[in-house]
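Trainee: Below is the file target_15.pdb, which contains PDB, C-alpha atoms, pLDDT in the B column.
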```pdb
ATOM      1  CA  MET A 541       0.000   0.000   0.000  1.00 74.00           C
ATOM      2  CA  VAL A 542       2.872   2.365   0.763  1.00 78.00           C
ATOM      3  CA  CYS A 543       4.469   1.707  -2.633  1.00 85.00           C
ATOM      4  CA  LEU A 544       1.164   2.429  -4.330  1.00 84.00           C
ATOM      5  CA  PHE A 545       0.929   5.751  -2.498  1.00 81.00           C
ATOM      6  CA  ALA A 546       4.536   6.593  -3.446  1.00 83.00           C
ATOM      7  CA  LEU A 547       3.705   6.012  -7.119  1.00 87.00           C
ATOM      8  CA  LEU A 548       0.575   8.112  -6.774  1.00 84.00           C
ATOM      9  CA  GLY A 549       2.563  10.902  -5.141  1.00 86.00           C
ATOM     10  CA  ALA A 550       5.205  10.798  -7.872  1.00 86.00           C
ATOM     11  CA  PHE A 551       2.773  10.971 -10.780  1.00 90.00           C
ATOM     12  CA  ALA A 552      -0.222  12.802  -9.288  1.00 92.00           C
ATOM     13  CA  PRO A 553       0.783  14.826  -6.216  1.00 92.00           C
ATOM     14  CA  ARG A 554      -2.517  16.743  -6.126  1.00 92.00           C
ATOM     15  CA  LEU A 555      -4.463  13.497  -5.938  1.00 93.00           C
ATOM     16  CA  ALA A 556      -2.087  12.161  -3.265  1.00 93.00           C
ATOM     17  CA  LEU A 557      -2.596  15.325  -1.208  1.00 92.00           C
ATOM     18  CA  LEU A 558      -6.350  15.015  -1.597  1.00 91.00           C
ATOM     19  CA  PHE A 559      -6.205  11.433  -0.299  1.00 91.00           C
ATOM     20  CA  LEU A 560      -3.990  12.522   2.600  1.00 91.00           C
ATOM     21  CA  TRP A 561      -6.404  15.325   3.426  1.00 90.00           C
ATOM     22  CA  LEU A 562      -9.470  13.077   3.314  1.00 92.00           C
ATOM     23  CA  PHE A 563      -8.141   9.949   5.039  1.00 93.00           C
ATOM     24  CA  THR A 564      -5.428  11.137   7.469  1.00 91.00           C
ATOM     25  CA  PRO A 565      -4.957  14.055   9.865  1.00 90.00           C
ATOM     26  CA  LEU A 566      -1.507  14.871   8.393  1.00 90.00           C
ATOM     27  CA  VAL A 567      -2.515  17.914   6.332  1.00 89.00           C
ATOM     28  CA  ASN A 568      -4.408  19.473   9.215  1.00 88.00           C
ATOM     29  CA  ALA A 569      -1.543  18.724  11.606  1.00 88.00           C
ATOM     30  CA  SER A 570       1.021  20.219   9.222  1.00 89.00           C
ATOM     31  CA  PHE A 571      -0.738  23.553   8.833  1.00 87.00           C
ATOM     32  CA  SER A 572      -2.319  23.743  12.303  1.00 86.00           C
ATOM     33  CA  GLY A 573      -0.178  26.598  13.642  1.00 82.00           C
ATOM     34  CA  TRP A 574      -0.708  28.808  10.593  1.00 82.00           C
ATOM     35  CA  THR A 575      -3.271  31.544  10.072  1.00 86.00           C
ATOM     36  CA  PHE A 576      -6.045  30.211   7.806  1.00 88.00           C
ATOM     37  CA  PRO A 577      -4.593  26.679   7.503  1.00 85.00           C
ATOM     38  CA  TRP A 578      -7.189  25.570   4.952  1.00 87.00           C
ATOM     39  CA  LEU A 579      -6.244  28.467   2.657  1.00 90.00           C
ATOM     40  CA  TRP A 580      -2.523  27.694   2.697  1.00 89.00           C
ATOM     41  CA  SER A 581      -3.098  24.014   2.056  1.00 87.00           C
ATOM     42  CA  ILE A 582      -5.411  24.742  -0.892  1.00 90.00           C
ATOM     43  CA  LEU A 583      -2.942  27.258  -2.348  1.00 92.00           C
ATOM     44  CA  GLY A 584      -0.168  24.690  -1.950  1.00 90.00           C
ATOM     45  CA  ILE A 585      -2.207  22.055  -3.737  1.00 90.00           C
ATOM     46  CA  ILE A 586      -2.938  24.434  -6.629  1.00 93.00           C
ATOM     47  CA  PHE A 587       0.453  26.115  -7.152  1.00 95.00           C
ATOM     48  CA  LEU A 588       3.175  23.959  -5.525  1.00 94.00           C
ATOM     49  CA  PRO A 589       1.869  20.392  -5.193  1.00 94.00           C
ATOM     50  CA  PHE A 590       5.217  18.586  -4.759  1.00 95.00           C
ATOM     51  CA  THR A 591       6.449  21.110  -2.202  1.00 95.00           C
ATOM     52  CA  THR A 592       3.203  20.845  -0.248  1.00 94.00           C
ATOM     53  CA  LEU A 593       3.278  17.044  -0.398  1.00 93.00           C
ATOM     54  CA  MET A 594       6.843  16.951   0.892  1.00 93.00           C
ATOM     55  CA  TYR A 595       6.025  19.486   3.612  1.00 92.00           C
ATOM     56  CA  VAL A 596       3.018  17.447   4.759  1.00 92.00           C
ATOM     57  CA  LEU A 597       5.003  14.199   4.778  1.00 91.00           C
ATOM     58  CA  VAL A 598       7.912  15.777   6.691  1.00 92.00           C
ATOM     59  CA  VAL A 599       6.125  18.071   9.157  1.00 89.00           C
ATOM     60  CA  GLY A 600       2.838  16.209   9.647  1.00 81.00           C
ATOM     61  CA  PRO A 601       4.064  13.156  11.571  1.00 81.00           C
ATOM     62  CA  LEU A 602       6.905  14.842  13.491  1.00 78.00           C
ATOM     63  CA  GLY A 603       5.818  18.404  14.173  1.00 77.00           C
ATOM     64  CA  SER A 604       8.848  20.629  13.775  1.00 79.00           C
ATOM     65  CA  THR A 605      11.541  19.277  11.493  1.00 81.00           C
ATOM     66  CA  ASN A 606      15.311  19.287  11.209  1.00 86.00           C
ATOM     67  CA  PHE A 607      17.758  20.218   8.455  1.00 91.00           C
ATOM     68  CA  TRP A 608      17.175  17.081   6.377  1.00 91.00           C
ATOM     69  CA  GLY A 609      13.438  17.578   6.449  1.00 90.00           C
ATOM     70  CA  TRP A 610      13.878  21.055   4.997  1.00 93.00           C
ATOM     71  CA  VAL A 611      16.199  19.607   2.345  1.00 94.00           C
ATOM     72  CA  VAL A 612      13.378  17.285   1.280  1.00 92.00           C
ATOM     73  CA  VAL A 613      10.937  20.231   1.133  1.00 93.00           C
ATOM     74  CA  PHE A 614      13.479  22.196  -0.930  1.00 96.00           C
ATOM     75  CA  LEU A 615      13.780  19.264  -3.370  1.00 96.00           C
ATOM     76  CA  GLY A 616       9.996  19.353  -3.745  1.00 95.00           C
ATOM     77  CA  LEU A 617      10.257  23.063  -4.537  1.00 96.00           C
ATOM     78  CA  LEU A 618      12.897  22.340  -7.188  1.00 97.00           C
ATOM     79  CA  ILE A 619      10.619  19.737  -8.780  1.00 95.00           C
ATOM     80  CA  ASP A 620       7.759  22.259  -8.899  1.00 95.00           C
ATOM     81  CA  LEU A 621       9.957  24.996 -10.364  1.00 96.00           C
ATOM     82  CA  ARG A 622      11.289  22.568 -12.982  1.00 95.00           C
ATOM     83  CA  ALA A 623       7.738  21.701 -14.010  1.00 92.00           C
ATOM     84  CA  TYR A 624       6.912  25.388 -14.495  1.00 92.00           C
ATOM     85  CA  ALA A 625      10.134  25.937 -16.469  1.00 92.00           C
ATOM     86  CA  ASP A 626       9.393  22.945 -18.714  1.00 91.00           C
ATOM     87  CA  ALA A 627       5.875  24.212 -19.342  1.00 88.00           C
ATOM     88  CA  ALA A 628       7.213  27.640 -20.321  1.00 86.00           C
ATOM     89  CA  ALA A 629       9.801  26.114 -22.645  1.00 85.00           C
ATOM     90  CA  ASN A 630       7.265  23.839 -24.334  1.00 85.00           C
ATOM     91  CA  ARG A 631       4.783  26.663 -24.809  1.00 81.00           C
ATOM     92  CA  LYS A 632       6.917  27.960 -27.679  1.00 78.00           C
ATOM     93  CA  GLN A 633       6.469  24.704 -29.586  1.00 82.00           C
ATOM     94  CA  ILE A 634       2.686  24.998 -29.826  1.00 78.00           C
ATOM     95  CA  PRO A 635       1.712  26.197 -33.310  1.00 79.00           C
ATOM     96  CA  GLY A 636      -0.352  29.351 -33.379  1.00 76.00           C
ATOM     97  CA  LEU A 637       0.692  30.429 -29.890  1.00 68.00           C
ATOM     98  CA  ALA A 638       3.098  33.318 -30.201  1.00 60.00           C
ATOM     99  CA  ALA A 639       4.632  34.508 -26.971  1.00 56.00           C
TER     100      ALA A 639
END
```
As structure tokens, please, write out the structure in this file.
Mentor:
Amino acid sequence: MVCLFALLGAFAPRLALLFLWLFTPLVNASFSGWTFPWLWSILGIIFLPFTTLMYVLVVGPLGSTNFWGWVVVFLGLLIDLRAYADAAANRKQIPGLAA
């Protein structure tokens, strides 16, 4: 079951976050000390899904995290930024779309 969730998180992080939000208390525990926790989690799901997934998986079970936990969150941020950069680069290859 854990391997299935890891595959889901790798290929569909928004769906994995939705499952975590519905079936576990990890998302609520991760953003519990923040102002408007539901807003930050929804914004994370929309704009930075890998970063939010890594943050939930690192901070949710343990509370505060250490250096290596923040390294994992930073790697999630790099994956998200790479996805946006790839989308911008591929936008030029679409015929009829001049940017």
Trainee: Which is closer to Leu588 in chain A than all the others in A:Met541, A:Ala629, A:Ile634, A:Val613, using all atoms listed in the file?
Mentor: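 Residue with the minimum atom-to-atom distance to Leu588 in chain A: A:Val613.
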Trainee: Do you know which residues are at most 12 Å from Phe614 in chain A counting all atoms listed in the file, after dropping those on the same chain fewer than 3 positions away, and could you put them as a PyMOL selection string?
Mentor: chain A and resi 588+590-595+598+607-611+617-621
Trainee: Can you tell me which residues surround Ser581 in chain A at a distance of at most 8 Å, considering all atoms listed in the file, apart from same-chain residues fewer than 4 positions away, and format the answer as a PyMOL selection string?
Mentor: chain A and resi 567+571+577+585+592
Trainee: What does the file look like for those residues with C-alpha atoms, as a tab-separated table (two decimals), in the coordinates of the input?
Mentor:
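Once everything was written out, this is part-v1.tsv:
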```tsv
chain	number	residue	atom	x	y	z
A	567	VAL	CA	-2.52	17.91	6.33
A	571	PHE	CA	-0.74	23.55	8.83
A	577	PRO	CA	-4.59	26.68	7.50
A	585	ILE	CA	-2.21	22.06	-3.74
A	592	THR	CA	3.20	20.84	-0.25
```
Trainee: Please enclose the listed atoms of range 593-596 of chain A in an axis-aligned box, pad each side by 6 Å, and write out the centre and the three edge lengths in Å, rounded to one decimal, as lines of an AutoDock Vina configuration file.
Mentor:
```
center_x = 4.9
center_y = 18.2
center_z = 2.2
size_x = 15.8
size_y = 14.5
size_z = 17.2
```
Trainee: Counting all atoms listed in the file, select every polymer residue within 10 Å of (-1.2, 25.1, 6.0) as defined in the file's coordinates, and provide the selection as a list in words.
Mentor: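 Neighbouring residues, ordered by chain and number, come to Val567, Asn568, Ala569, Ser570, Phe571, Ser572, Gly573, Trp574, Thr575, Phe576, Pro577, Trp578, Leu579, Trp580, Ser581, Ile582, Leu583, Gly584, Thr592, Tyr595 and Val596 of chain A.
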Trainee: Keeping only C-alpha atoms, write those residues as a short mmCIF file (atom, residue, chain, number, x, y, z; two decimals), keeping the file's coordinate frame.
Mentor:
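Full text of selection-v9.cif as output:
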```
data_model
loop_
_atom_site.label_atom_id
_atom_site.label_comp_id
_atom_site.auth_asym_id
_atom_site.auth_seq_id
_atom_site.Cartn_x
_atom_site.Cartn_y
_atom_site.Cartn_z
CA VAL A 567 -2.52 17.91 6.33
CA ASN A 568 -4.41 19.47 9.22
CA ALA A 569 -1.54 18.72 11.61
CA SER A 570 1.02 20.22 9.22
CA PHE A 571 -0.74 23.55 8.83
CA SER A 572 -2.32 23.74 12.30
CA GLY A 573 -0.18 26.60 13.64
CA TRP A 574 -0.71 28.81 10.59
CA THR A 575 -3.27 31.54 10.07
CA PHE A 576 -6.04 30.21 7.81
CA PRO A 577 -4.59 26.68 7.50
CA TRP A 578 -7.19 25.57 4.95
CA LEU A 579 -6.24 28.47 2.66
CA TRP A 580 -2.52 27.69 2.70
CA SER A 581 -3.10 24.01 2.06
CA ILE A 582 -5.41 24.74 -0.89
CA LEU A 583 -2.94 27.26 -2.35
CA GLY A 584 -0.17 24.69 -1.95
CA THR A 592 3.20 20.84 -0.25
CA TYR A 595 6.02 19.49 3.61
CA VAL A 596 3.02 17.45 4.76
#
```
Trainee: Tell me which of A:Pro589, A:Pro565, A:Gly603, A:Pro635 sits closest to Gly549 in chain A, counting only C-alpha atoms.
Mentor: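 Smallest distance to Gly549 in chain A is found for A:Pro589.
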Trainee: Smallest atom-to-atom distance to Leu597 in chain A: which of A:Ala552, A:Phe563, A:Arg631, A:Leu557, using all atoms listed in the file?
Mentor: A:Leu557
Trainee: Please indicate the distance in Å from CA of Gly600 in chain A to CA of Leu560 in chain A, rounded to one decimal place.
Mentor: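 If I compute the distance from CA of Gly600 in chain A to CA of Leu560 in chain A, I get 10.5 Å.
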Trainee: Please compute the CA of Pro553 in chain A-CA of Ala628 in chain A distance, one decimal, in Å.
Mentor: 20.1 Å
Trainee: Can you work out which one of A:Gln633, A:Ala627, A:Ser604, A:Ile586 has the shortest atom-to-atom distance to Leu555 in chain A, counting all atoms listed in the file?
Mentor: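 Closest candidate: A:Ile586.
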Trainee: Any idea what the distance is between CA of Ala546 in chain A and CA of Phe559 in chain A?
Mentor: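 Interatomic distance, CA of Ala546 in chain A to CA of Phe559 in chain A: 12.2 Å.
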